[in-house]
>>> print(open('coords19.cif').read())   # mmCIF, C-alpha atoms
data_query
#
loop_
_atom_site.label_atom_id
_atom_site.label_comp_id
_atom_site.auth_asym_id
_atom_site.auth_seq_id
_atom_site.Cartn_x
_atom_site.Cartn_y
_atom_site.Cartn_z
CA MET A 1 91.41 107.55 95.81
CA LEU A 2 88.42 109.56 97.01
CA GLY A 3 84.86 109.20 95.79
CA ASP A 4 81.41 107.80 96.40
CA SER A 5 79.91 104.34 95.81
CA ILE A 6 81.10 104.34 92.19
CA THR A 7 84.74 104.59 93.30
CA LEU A 8 84.01 102.17 96.14
CA GLY A 9 83.02 99.63 93.47
CA GLU A 10 79.38 98.98 94.20
CA ASN A 11 78.05 96.02 92.14
CA VAL A 12 81.36 95.10 90.45
CA GLU A 13 83.92 92.37 91.13
CA THR A 14 87.00 94.50 90.45
CA ARG A 15 86.83 98.24 91.07
CA TYR A 16 88.97 100.61 89.01
CA SER A 17 91.30 101.36 91.93
CA ASP A 18 92.22 97.66 92.23
CA ARG A 19 92.83 97.43 88.50
CA VAL A 20 95.07 100.51 88.60
CA GLN A 21 97.04 98.95 91.46
CA GLU A 22 97.58 95.83 89.33
CA ASN A 23 98.70 97.93 86.38
CA LEU A 24 101.12 100.09 88.37
CA GLY A 25 102.70 97.23 90.32
CA SER A 26 104.33 96.97 93.72
CA ARG A 27 106.25 100.27 93.45
CA PHE A 28 102.95 102.01 94.10
CA SER A 29 100.54 101.63 97.01
CA LEU A 30 96.96 102.75 96.39
CA SER A 31 94.35 103.33 99.09
CA ASN A 32 90.66 103.46 98.22
CA ARG A 33 89.00 105.77 100.77
CA ALA A 34 85.64 106.10 99.02
CA LEU A 35 82.35 106.07 100.94
CA ASN A 36 78.79 105.23 99.94
CA GLY A 37 76.61 108.30 99.55
CA VAL A 38 79.38 110.85 99.99
CA SER A 39 79.21 114.23 98.26
CA ALA A 40 81.52 117.22 98.08
CA LEU A 41 79.78 118.76 101.09
CA HIS A 42 80.74 115.78 103.27
CA LEU A 43 84.43 116.17 102.47
CA ILE A 44 84.85 119.80 103.47
CA GLN A 45 87.43 119.81 106.25
CA GLY A 46 85.71 120.12 109.61
CA GLY A 47 82.40 119.40 107.91
CA LEU A 48 79.65 116.85 108.15
CA PRO A 49 79.85 113.38 109.67
CA LEU A 50 78.34 110.62 107.55
CA ALA A 51 76.20 108.17 109.54
CA PRO A 52 76.77 105.56 110.81
CA ARG A 53 80.40 106.72 111.16
CA ALA A 54 80.99 108.74 114.31
CA THR A 55 84.09 110.34 112.83
CA ASN A 56 84.19 113.23 110.42
CA VAL A 57 84.24 112.03 106.80
CA TRP A 58 87.30 114.14 106.01
CA ASP A 59 89.16 112.54 108.92
CA TYR A 60 88.32 109.07 107.64
CA ALA A 61 89.18 109.77 104.01
CA VAL A 62 92.14 112.14 104.22
CA ALA A 63 93.46 113.14 107.65
CA GLY A 64 96.40 111.03 108.81
CA GLN A 65 96.95 109.60 105.34
CA ASP A 66 100.36 109.80 103.65
CA PHE A 67 100.04 110.30 99.90
CA ASP A 68 101.78 111.87 96.90
CA ALA A 69 98.75 112.05 94.61
CA VAL A 70 94.99 111.82 95.01
CA THR A 71 92.18 111.03 92.59
CA LEU A 72 88.77 112.55 93.22
CA MET A 73 85.46 111.72 91.54
CA LEU A 74 82.34 113.24 93.07
CA GLY A 75 79.09 114.78 91.88
CA THR A 76 76.63 111.94 91.31
CA ASN A 77 75.00 112.23 94.74
CA CYS A 78 74.72 116.01 94.43
CA SER A 79 72.75 115.55 91.22
CA PHE A 80 69.91 113.82 93.06
CA ILE A 81 67.22 116.43 93.65
CA VAL A 82 65.99 114.47 96.67
CA LEU A 83 69.43 114.70 98.29
CA ARG A 84 70.10 118.38 97.64
CA HIS A 85 67.86 119.89 100.32
CA GLY A 86 68.69 123.29 98.85
CA ASN A 87 72.40 123.09 99.65
CA CYS A 88 73.92 120.97 96.91
CA ASP A 89 73.18 122.81 93.70
CA SER A 90 75.97 123.48 91.21
CA VAL A 91 76.96 126.76 92.89
CA MET A 92 77.30 125.23 96.35
CA TRP A 93 79.00 122.20 94.84
CA ARG A 94 81.61 124.40 93.20
CA LYS A 95 82.34 126.18 96.48
CA ALA A 96 82.67 122.84 98.26
CA MET A 97 85.01 121.48 95.58
CA GLU A 98 87.17 124.60 95.75
CA SER A 99 87.42 124.11 99.52
CA ILE A 100 88.40 120.45 99.07
CA LEU A 101 91.05 121.32 96.48
CA ASN A 102 92.45 124.01 98.80
CA ASP A 103 92.67 121.52 101.67
CA LEU A 104 94.21 118.76 99.55
CA SER A 105 96.74 121.20 98.08
CA GLY A 106 98.00 121.81 101.60
CA PHE A 107 99.45 118.28 101.65
CA LYS A 108 103.00 117.85 100.33
CA ASN A 109 104.39 114.93 98.37
CA ARG A 110 107.81 113.45 99.08
CA GLY A 111 109.29 115.93 96.63
CA GLY A 112 108.09 118.79 98.86
CA ASN A 113 105.47 120.08 96.41
CA PRO A 114 101.67 120.17 96.75
CA VAL A 115 100.19 116.75 96.04
CA ASP A 116 98.96 116.16 92.52
CA ILE A 117 95.18 115.90 92.20
CA VAL A 118 93.52 113.95 89.40
CA LEU A 119 89.99 115.36 89.27
CA MET A 120 87.49 113.20 87.39
CA ALA A 121 84.10 114.43 86.17
CA PRO A 122 81.33 112.07 87.30
CA PRO A 123 79.71 109.95 84.57
CA ILE A 124 76.18 110.60 83.38
CA PRO A 125 73.69 108.14 84.92
CA ASN A 126 71.40 105.98 82.85
CA THR A 127 68.18 107.62 83.96
CA LYS A 128 65.25 109.29 82.28
CA SER A 129 65.37 112.12 84.81
CA GLY A 130 66.03 115.27 82.79
CA GLY A 131 66.68 117.24 85.98
CA MET A 132 69.42 114.86 87.08
CA HIS A 133 71.02 114.98 83.62
CA ARG A 134 71.07 118.77 83.62
CA SER A 135 72.47 118.90 87.14
CA ILE A 136 75.29 116.47 86.48
CA ARG A 137 76.24 118.19 83.23
CA LYS A 138 76.65 121.44 85.18
CA ILE A 139 78.82 119.60 87.69
CA ARG A 140 80.95 118.15 84.90
CA ALA A 141 81.44 121.64 83.45
CA VAL A 142 82.64 122.88 86.84
CA VAL A 143 85.27 120.11 86.94
CA SER A 144 86.68 121.23 83.62
CA ASP A 145 86.81 124.84 84.78
CA LEU A 146 88.51 124.00 88.08
CA CYS A 147 91.18 121.99 86.29
CA ALA A 148 92.21 125.02 84.26
CA LYS A 149 92.84 127.13 87.37
CA ARG A 150 95.34 125.01 89.34
CA ALA A 151 98.79 123.83 88.38
CA ASN A 152 98.58 120.71 90.55
CA VAL A 153 95.16 119.61 89.25
CA THR A 154 94.58 117.62 86.06
CA CYS A 155 91.42 116.10 84.58
CA ARG A 156 92.41 114.10 81.53
CA THR A 157 90.59 110.99 82.78
CA ASP A 158 86.89 111.29 81.93
CA PRO A 159 84.88 108.21 82.97
CA TYR A 160 82.00 109.08 80.66
CA GLU A 161 84.08 109.72 77.55
CA THR A 162 86.14 106.61 78.29
CA THR A 163 83.11 104.34 78.17
CA LEU A 164 82.00 105.84 74.87
CA LYS A 165 85.25 104.63 73.33
CA ILE A 166 84.54 101.00 74.27
CA GLY A 167 81.10 101.09 72.71
CA VAL A 168 79.01 101.68 75.83
CA VAL A 169 76.53 104.32 74.73
CA GLU A 170 75.92 105.36 78.31
CA SER A 171 78.18 104.67 81.26
CA TYR A 172 75.49 102.47 82.82
CA ALA A 173 74.23 100.65 79.74
CA CYS A 174 75.90 97.31 80.45
CA GLY A 175 73.24 96.07 82.80
CA VAL A 176 74.10 96.59 86.48
CA ASP A 177 71.73 99.31 87.65
CA TRP A 178 70.88 102.86 86.71
CA ILE A 179 73.23 104.49 89.22
CA HIS A 180 76.30 102.22 89.48
CA PRO A 181 78.36 101.57 86.33
CA CYS A 182 79.33 98.05 85.33
CA GLN A 183 82.66 96.20 85.19
CA GLU A 184 83.47 97.40 81.66
CA PHE A 185 83.27 100.96 82.94
CA HIS A 186 85.76 100.27 85.75
CA ASP A 187 88.13 98.44 83.39
CA ALA A 188 88.12 101.28 80.86
CA VAL A 189 88.58 104.00 83.48
CA ALA A 190 91.44 102.04 85.06
CA GLU A 191 93.41 101.92 81.81
CA GLN A 192 93.14 105.68 81.27
CA LEU A 193 93.79 106.50 84.92
CA THR A 194 96.89 104.29 84.97
CA VAL A 195 98.42 106.35 82.18
CA GLU A 196 97.61 109.61 83.94
CA LEU A 197 99.02 108.51 87.30
CA ARG A 198 102.24 107.35 85.65
CA ALA A 199 102.58 110.77 84.04
CA VAL A 200 101.91 112.48 87.37
CA THR A 201 104.59 110.52 89.23
CA GLN A 202 107.13 111.12 86.48
CA LYS A 203 106.38 114.84 86.55
CA THR A 204 106.82 115.18 90.29
CA GLN A 205 110.11 113.23 90.25
CA LEU A 206 109.45 111.76 93.67
CA ALA A 207 112.41 110.93 95.87
CA PRO A 208 112.88 107.20 96.57
CA ILE A 209 111.54 105.89 99.86
CA SER A 210 114.44 105.37 102.28
CA PRO A 211 114.47 102.34 104.64
CA ASP A 212 113.66 104.49 107.68
CA ARG A 213 110.52 106.06 106.19
#
>>> encode(input="coords19.cif", output="structure tokens")
Amino acid sequence: MLGDSITLGENVETRYSDRVQENLGSRFSLSNRALNGVSALHLIQGGLPLAPRATNVWDYAVAGQDFDAVTLMLGTNCSFIVLRHGNCDSVMWRKAMESILNDLSGFKNRGGNPVDIVLMAPPIPNTKSGGMHRSIRKIRAVVSDLCAKRANVTCRTDPYETTLKIGVVESYACGVDWIHPCQEFHDAVAEQLTVELRAVTQKTQLAPISPDR
């Protein structure tokens, strides 16, 4: 599971990845490789290191990992005007995401096919910044468009729409802070993501793990 501080579980007791692991049981092994402050630009293969880590972010998050499916939720950090520095607008973000999807699609699952990618649109922060709202809505629209162009990419899990269904008007309205969603958000996303990951593994018809693997 790739993402930023939201996926990492900042300010919550149980992050959505842990809840999904509980739901799926011991037949599945989930690895949360999220990093605080990461954006799509950091995850381009051969790209930027993220201080204080000396290693490349892609190497930490992806290289050397063995996985059949990956979830990816990015975009919040790119929506900060102060963090863009002219190179993280929606156009650059799309190019970076396309590069990430290309790299991830180069990995094969145990069935010999490209790994399945569950791409999640970032939620909309609880902020009065109109510029940030506009930016993140553009990013969310790009996610939907990218999902329609790749057979191994799905995006049925929408963290923002999920929280609306449980009565949270905004993804951040349950009192943690304006940038990191609360526990109810993680719980709701986990339930929807569990269903999607089960469907993904059934679709790929993965071969059983033999004792020598």
>>> residues_around(input="coords19.cif", residues="Leu8 of chain A", least_positions_apart="5", cutoff="8 Å", atoms="all atoms listed in the file", output="list in words")
Gly3, Arg15, Asn32, Arg33, Ala34, Leu35 and Asn36 of chain A
>>> residues_around(input="coords19.cif", residues="Gln183 of chain A", least_positions_apart="4", cutoff="8 Å", atoms="only C-alpha atoms", output="VMD selection string")
chain A and resid 12 to 15 187
>>> closest_residue(input="coords19.cif", among="A:Val20, A:Val91, A:Val115, A:Ile6", to="Asp103 of chain A", atoms="all atoms listed in the file")
A:Val115
>>> resolve_selection(input="coords19.cif", expression="the PyMOL selection byres ((chain A and resi 70) around 8)", output="CSV table (one decimal) with C-alpha atoms, in the frame of the given file")
chain,number,residue,atom,x,y,z
A,1,MET,CA,91.4,107.6,95.8
A,2,LEU,CA,88.4,109.6,97.0
A,67,PHE,CA,100.0,110.3,99.9
A,68,ASP,CA,101.8,111.9,96.9
A,69,ALA,CA,98.8,112.0,94.6
A,71,THR,CA,92.2,111.0,92.6
A,72,LEU,CA,88.8,112.6,93.2
A,115,VAL,CA,100.2,116.8,96.0
A,116,ASP,CA,99.0,116.2,92.5
A,117,ILE,CA,95.2,115.9,92.2
A,118,VAL,CA,93.5,114.0,89.4
>>> atom_distance(input="coords19.cif", atom1="atom CA of Glu98 of chain A", atom2="atom CA of Leu146 of chain A")
7.8 Å
